[in-house]
Amino acid sequence: MAVWQRVDTDTLNKPRPLTIRGVDVTVYFGQDDMPVGVRGNYDEVRKKFVIEFRYDVADEPIKRVPVEDGRVELVVGQASDRLFQMEFDIDSKAISSVRLLLPRVEHVLSDLAKGAPKGLNRIDNYVAASGAFKQVKPQLETALAQ
Amino acid sequence: MRPGRLHTLLYWAMRGLQIAAIFVLVVLTAAPFIGLDAFLPSLEWLLEKHGKAINAGLAALLGALEIFLKAIGRPWIWECVKGILSTFQRDIFREAGDGALSDHHRVTLYRYQTWCLWPKGRGRWYWPWGQGTSGNLSWPWSGWLVPVVRAGPDTAGSTVFLCAGGQDFDGVCGAAYSQQSGTLEIKASSLPDITPVSTSADIIDYAKRTFVPEGMVIARIKANRPCARYFLAHRVEVQSVKWGVLMIDCRSEGPDKPTVANHRFGQIRDALDHLLRRA
């Protein structure tokens with residue numbers, strides 16, 4: 001099993017400006033929205049590449065949401081819609097496949113951050129997950145190449 | 001019901017009544033077998049005539065008491081929550097002295113509830129729910145953020161904020177609960193300093209920037225209560241479901257760094273989750 005790549009939440013959680021009812025405020029990610037670890041694994045049996053996000057929260061029941069015409073499956077919290085896993089159909093663990101896959105993960109995450117599919121309502125978490133993935137991408141790439 | 005002495009007294013009074021009812025039920029059930037009715041002829045008569053009704057009544061009383069006790073929650077849990085919040089308050093306001101902590105550096109836990117029968121200090125006597133800052137009439141079932149625990153000794157929040165969903169909310173805690181972001185901050189530099197001699201323009205500006213009706217700010221000034229200059233609101237989740245808001249407000253510039261408060265909140269969040277799910 002691959003090791004978790006640690007996310008620097010201080011770097012991730014920069015203050016962001018937001019206007020609410022014409023008033024300028026500053027917002028931060030909630031502590032339960034920020035992944036503290038990311039890792040990638042290739043599931044040989046299911047022929048899937050799995051990206052996992054770890055949080056400092058108690059476990060909760062999950063649900064699966066297919067996106068991109070069913071080629072990607074998101075595993076999210078049943079009550080919170082928090083993103084725990086992303087599963088991509090991929091035939092081999094070859095380095096070339098993985099290199100092609102990582103930009104795809106980034107693309108799906110930015111799409112999620114721009115507007116979540118129907119039934120998912122945790123945009124801030126998806127923005128945080130996207131930022132966390134970008135942060136640990138080089139380490140993930142190195143870990144997967146080994 | 002708000003935690004406090006009355007809550008503790010009521011909880012233990014009801015718990016005592018519950019134990020007494022169980023004792024009576026056990027004695028009445030066991031009376032024919034242990035020969036108690038032979039000693040008390042009137043008990044034998046009572047059991048023969050009204051035994052079923054008494055048993056049913058006692059069982060109904062026990063059920064009702066259990067529901068009531070569950071609804072008001074256990075006092076020890078609220079005492080623990082208050083203790084955690086008081087430590088949190090001391091941690092994030094290290095520069096403040098003890099005396100200044102109570103009303104000038106506050107940490108208050110608000111719980112979201114759909115119903116609120118009497119939101120104190122909002123509207124007139126004939127319509128206590130008043131109007132939201134959006135202008136819509138509020139209803140008892142509109143959705144409310146009710147203060148349940150405030151850090152520090154002998155202090156309790158009393159202001160209830162509307163939280164009807166979407167943009168229909170009052171107060172910084174209403175804004176924090178209605179947004180996607182987990183933490184919301186309003187800095188002292190963006191708020192006018194409200195004093196008894198503040199101009200009406202300042203009062204209007206302050207009310208707009210803190211999402212409250214102007215009347216609420218004026219009432220605070222008249223009651224000689226300070227208006228906070230810094231706000232930091234954290235969304236509180238219990239079992240991954242939105243539960244309420246932890247509100248930090250103070251008269252000064254705010255905690256040393258919001259990130260410190262965010263870190264500290266991260267440390268107490270798990271304990272709050274475990275306690276509040278039993279409250």
# chains A, B, ... in the order shown; residues from 1 in each chain; ligands from 1
>>> residues_around(residues="stretch 97-107 of chain A", least_positions_apart="5", cutoff="8 Å", atoms="only C-alpha atoms", output="PyMOL selection string")
chain A and resi 90+92+130+133-134+137+141+144
>>> write_last_selection(atoms="C-alpha atoms", output="CSV table (one decimal), in the first residue's frame")
chain,number,residue,atom,x,y,z
A,90,ILE,CA,-7.0,2.2,-16.3
A,92,SER,CA,-2.0,-1.0,-16.6
A,130,SER,CA,-7.8,20.2,-5.7
A,133,PHE,CA,-3.5,17.3,-5.0
A,134,LYS,CA,-1.6,20.1,-6.8
A,137,LYS,CA,1.5,15.9,-7.2
A,141,GLU,CA,4.5,11.1,-9.3
A,144,LEU,CA,4.0,6.0,-8.3
>>> interface_residues(of="chain B", to="chain A", cutoff="9 Å", atoms="only C-alpha atoms", output="PyMOL selection string")
chain B and resi 167+175+179-187+190+208-211+234-235+237+239-242+259+262-263+265-266+269-270+273
>>> write_last_selection(atoms="N, CA and C atoms", output="compact mmCIF listing (two decimals), in the first residue's frame")
# COMPACT_ATOMS: atom_id res chain seq x y z
N GLN B 167 -29.81 33.40 1.34
CA GLN B 167 -29.33 34.71 1.80
C GLN B 167 -30.17 35.26 2.94
N ALA B 175 -24.40 34.09 8.66
CA ALA B 175 -23.66 34.10 7.39
C ALA B 175 -22.75 32.89 7.31
N GLN B 179 -23.00 29.67 4.46
CA GLN B 179 -21.99 29.60 3.40
C GLN B 179 -21.36 28.21 3.31
N GLN B 180 -20.69 27.97 2.18
CA GLN B 180 -19.97 26.71 1.98
C GLN B 180 -18.68 26.69 2.79
N SER B 181 -18.06 27.88 2.95
CA SER B 181 -16.78 27.93 3.64
C SER B 181 -16.92 27.61 5.12
N GLY B 182 -15.94 26.86 5.62
CA GLY B 182 -16.03 26.42 7.01
C GLY B 182 -15.74 27.51 8.02
N THR B 183 -14.96 28.52 7.60
CA THR B 183 -14.56 29.58 8.53
C THR B 183 -14.74 30.94 7.88
N LEU B 184 -15.31 31.87 8.61
CA LEU B 184 -15.58 33.21 8.08
C LEU B 184 -15.03 34.23 9.06
N GLU B 185 -14.35 35.25 8.51
CA GLU B 185 -13.73 36.24 9.38
C GLU B 185 -14.11 37.65 8.94
N ILE B 186 -14.42 38.51 9.93
CA ILE B 186 -14.61 39.93 9.64
C ILE B 186 -13.60 40.68 10.51
N LYS B 187 -12.72 41.40 9.85
CA LYS B 187 -11.61 42.04 10.57
C LYS B 187 -12.03 43.38 11.18
N SER B 190 -12.32 46.62 9.11
CA SER B 190 -13.45 46.89 8.21
C SER B 190 -14.70 47.34 8.97
N LYS B 208 -24.89 46.82 8.76
CA LYS B 208 -24.83 46.20 7.43
C LYS B 208 -23.67 45.19 7.36
N ARG B 209 -22.53 45.60 7.89
CA ARG B 209 -21.33 44.75 7.79
C ARG B 209 -21.36 43.54 8.72
N THR B 210 -22.24 43.58 9.73
CA THR B 210 -22.34 42.41 10.62
C THR B 210 -23.68 41.68 10.41
N PHE B 211 -24.42 42.09 9.38
CA PHE B 211 -25.66 41.42 8.96
C PHE B 211 -26.75 41.43 10.04
N HIS B 234 -16.67 29.58 13.07
CA HIS B 234 -16.33 28.25 12.56
C HIS B 234 -17.61 27.41 12.47
N ARG B 235 -17.79 26.76 11.35
CA ARG B 235 -18.91 25.81 11.23
C ARG B 235 -18.62 24.60 12.11
N GLU B 237 -19.62 20.68 12.90
CA GLU B 237 -20.31 19.50 12.37
C GLU B 237 -20.34 18.42 13.43
N GLN B 239 -21.10 14.35 13.56
CA GLN B 239 -21.27 13.16 12.71
C GLN B 239 -21.43 13.57 11.24
N SER B 240 -20.56 14.50 10.83
CA SER B 240 -20.49 14.99 9.45
C SER B 240 -21.74 15.73 8.98
N VAL B 241 -22.59 16.15 9.90
CA VAL B 241 -23.78 16.92 9.54
C VAL B 241 -23.66 18.29 10.21
N LYS B 242 -24.01 19.35 9.46
CA LYS B 242 -23.92 20.70 10.04
C LYS B 242 -24.75 20.78 11.31
N THR B 259 -5.01 31.92 12.01
CA THR B 259 -4.55 30.54 11.82
C THR B 259 -4.36 29.83 13.16
N ASN B 262 -7.71 28.84 14.15
CA ASN B 262 -8.13 27.73 13.30
C ASN B 262 -7.49 26.42 13.76
N HIS B 263 -6.20 26.48 14.12
CA HIS B 263 -5.50 25.30 14.61
C HIS B 263 -6.12 24.80 15.92
N PHE B 265 -9.08 25.38 17.00
CA PHE B 265 -10.41 24.83 16.74
C PHE B 265 -10.30 23.40 16.22
N GLY B 266 -9.30 23.18 15.36
CA GLY B 266 -9.06 21.83 14.83
C GLY B 266 -8.79 20.84 15.96
N ARG B 269 -12.26 20.26 17.89
CA ARG B 269 -13.40 19.88 17.04
C ARG B 269 -13.84 18.43 17.26
N ASP B 270 -12.86 17.55 17.37
CA ASP B 270 -13.19 16.13 17.52
C ASP B 270 -13.89 15.86 18.86
N ASP B 273 -17.42 17.10 18.70
CA ASP B 273 -18.23 16.17 17.90
C ASP B 273 -18.74 15.01 18.79
>>> select_by_dssp(residues="stretch 14-139 of chain A", states="alpha helix (DSSP H)", output="ChimeraX atom specification")
/A:95-114,123-139
>>> residues_around(residues="A:Glu87", least_positions_apart="4", cutoff="8 Å", atoms="only C-alpha atoms", output="ChimeraX atom specification")
/A:48-51,72-75
>>> write_last_selection(atoms="N, CA and C atoms", output="PDB file, in the first residue's frame")
ATOM      1  N   LYS A  48      -8.208  -0.466 -11.576  1.00  0.00           N
ATOM      2  CA  LYS A  48      -8.569   0.928 -11.320  1.00  0.00           C
ATOM      3  C   LYS A  48      -7.424   1.637 -10.628  1.00  0.00           C
ATOM      4  N   PHE A  49      -7.264   2.886 -10.982  1.00  0.00           N
ATOM      5  CA  PHE A  49      -6.288   3.712 -10.282  1.00  0.00           C
ATOM      6  C   PHE A  49      -7.069   4.542  -9.255  1.00  0.00           C
ATOM      7  N   VAL A  50      -6.655   4.447  -8.008  1.00  0.00           N
ATOM      8  CA  VAL A  50      -7.440   5.074  -6.934  1.00  0.00           C
ATOM      9  C   VAL A  50      -6.627   6.192  -6.273  1.00  0.00           C
ATOM     10  N   ILE A  51      -7.215   7.378  -6.239  1.00  0.00           N
ATOM     11  CA  ILE A  51      -6.603   8.497  -5.499  1.00  0.00           C
ATOM     12  C   ILE A  51      -7.418   8.665  -4.222  1.00  0.00           C
ATOM     13  N   VAL A  72     -15.157   7.800 -14.419  1.00  0.00           N
ATOM     14  CA  VAL A  72     -14.542   8.115 -13.113  1.00  0.00           C
ATOM     15  C   VAL A  72     -15.626   7.958 -12.053  1.00  0.00           C
ATOM     16  N   GLU A  73     -15.223   7.376 -10.930  1.00  0.00           N
ATOM     17  CA  GLU A  73     -16.196   7.226  -9.848  1.00  0.00           C
ATOM     18  C   GLU A  73     -15.675   7.960  -8.612  1.00  0.00           C
ATOM     19  N   LEU A  74     -16.537   8.794  -8.034  1.00  0.00           N
ATOM     20  CA  LEU A  74     -16.149   9.512  -6.817  1.00  0.00           C
ATOM     21  C   LEU A  74     -16.733   8.784  -5.624  1.00  0.00           C
ATOM     22  N   VAL A  75     -15.935   8.642  -4.574  1.00  0.00           N
ATOM     23  CA  VAL A  75     -16.435   8.051  -3.333  1.00  0.00           C
ATOM     24  C   VAL A  75     -16.518   9.195  -2.328  1.00  0.00           C
TER      25      VAL A  75
END
>>> residues_around(residues="B:Lys120", least_positions_apart="4", cutoff="12 Å", atoms="only C-alpha atoms", output="list in words")
Cys116, Arg124, Trp125, Trp127, Pro128, Trp129, Gly130, Trp144, Val146, Pro147, Gly157, Ser158, Thr159, Val160, Phe161, Leu162 and Met216 of chain B
>>> atom_distance(atom1="atom CA of A:Val38", atom2="atom CA of A:Gly70")
22.7 Å
>>> select_by_dssp(residues="stretch 42-206 of chain B", states="strand (DSSP E or B)", output="ChimeraX atom specification")
/B:105-113,124,127,131,137,144-150,161-163,169,183-186
>>> closest_residue(among="A:Arg39, A:Lys47, A:Arg71, A:Arg54", to="A:Ala2", atoms="only C-alpha atoms")
A:Arg39
>>> residues_around(residues="A:Val76", least_positions_apart="5", cutoff="9 Å", atoms="only C-alpha atoms", output="NGL selection string")
:A and (61-65 or 81-86 or 120)
>>> closest_residue(among="A:Ala143, A:Val36, A:Ala116, A:Val45", to="A:Ala129", atoms="only C-alpha atoms")
A:Val36
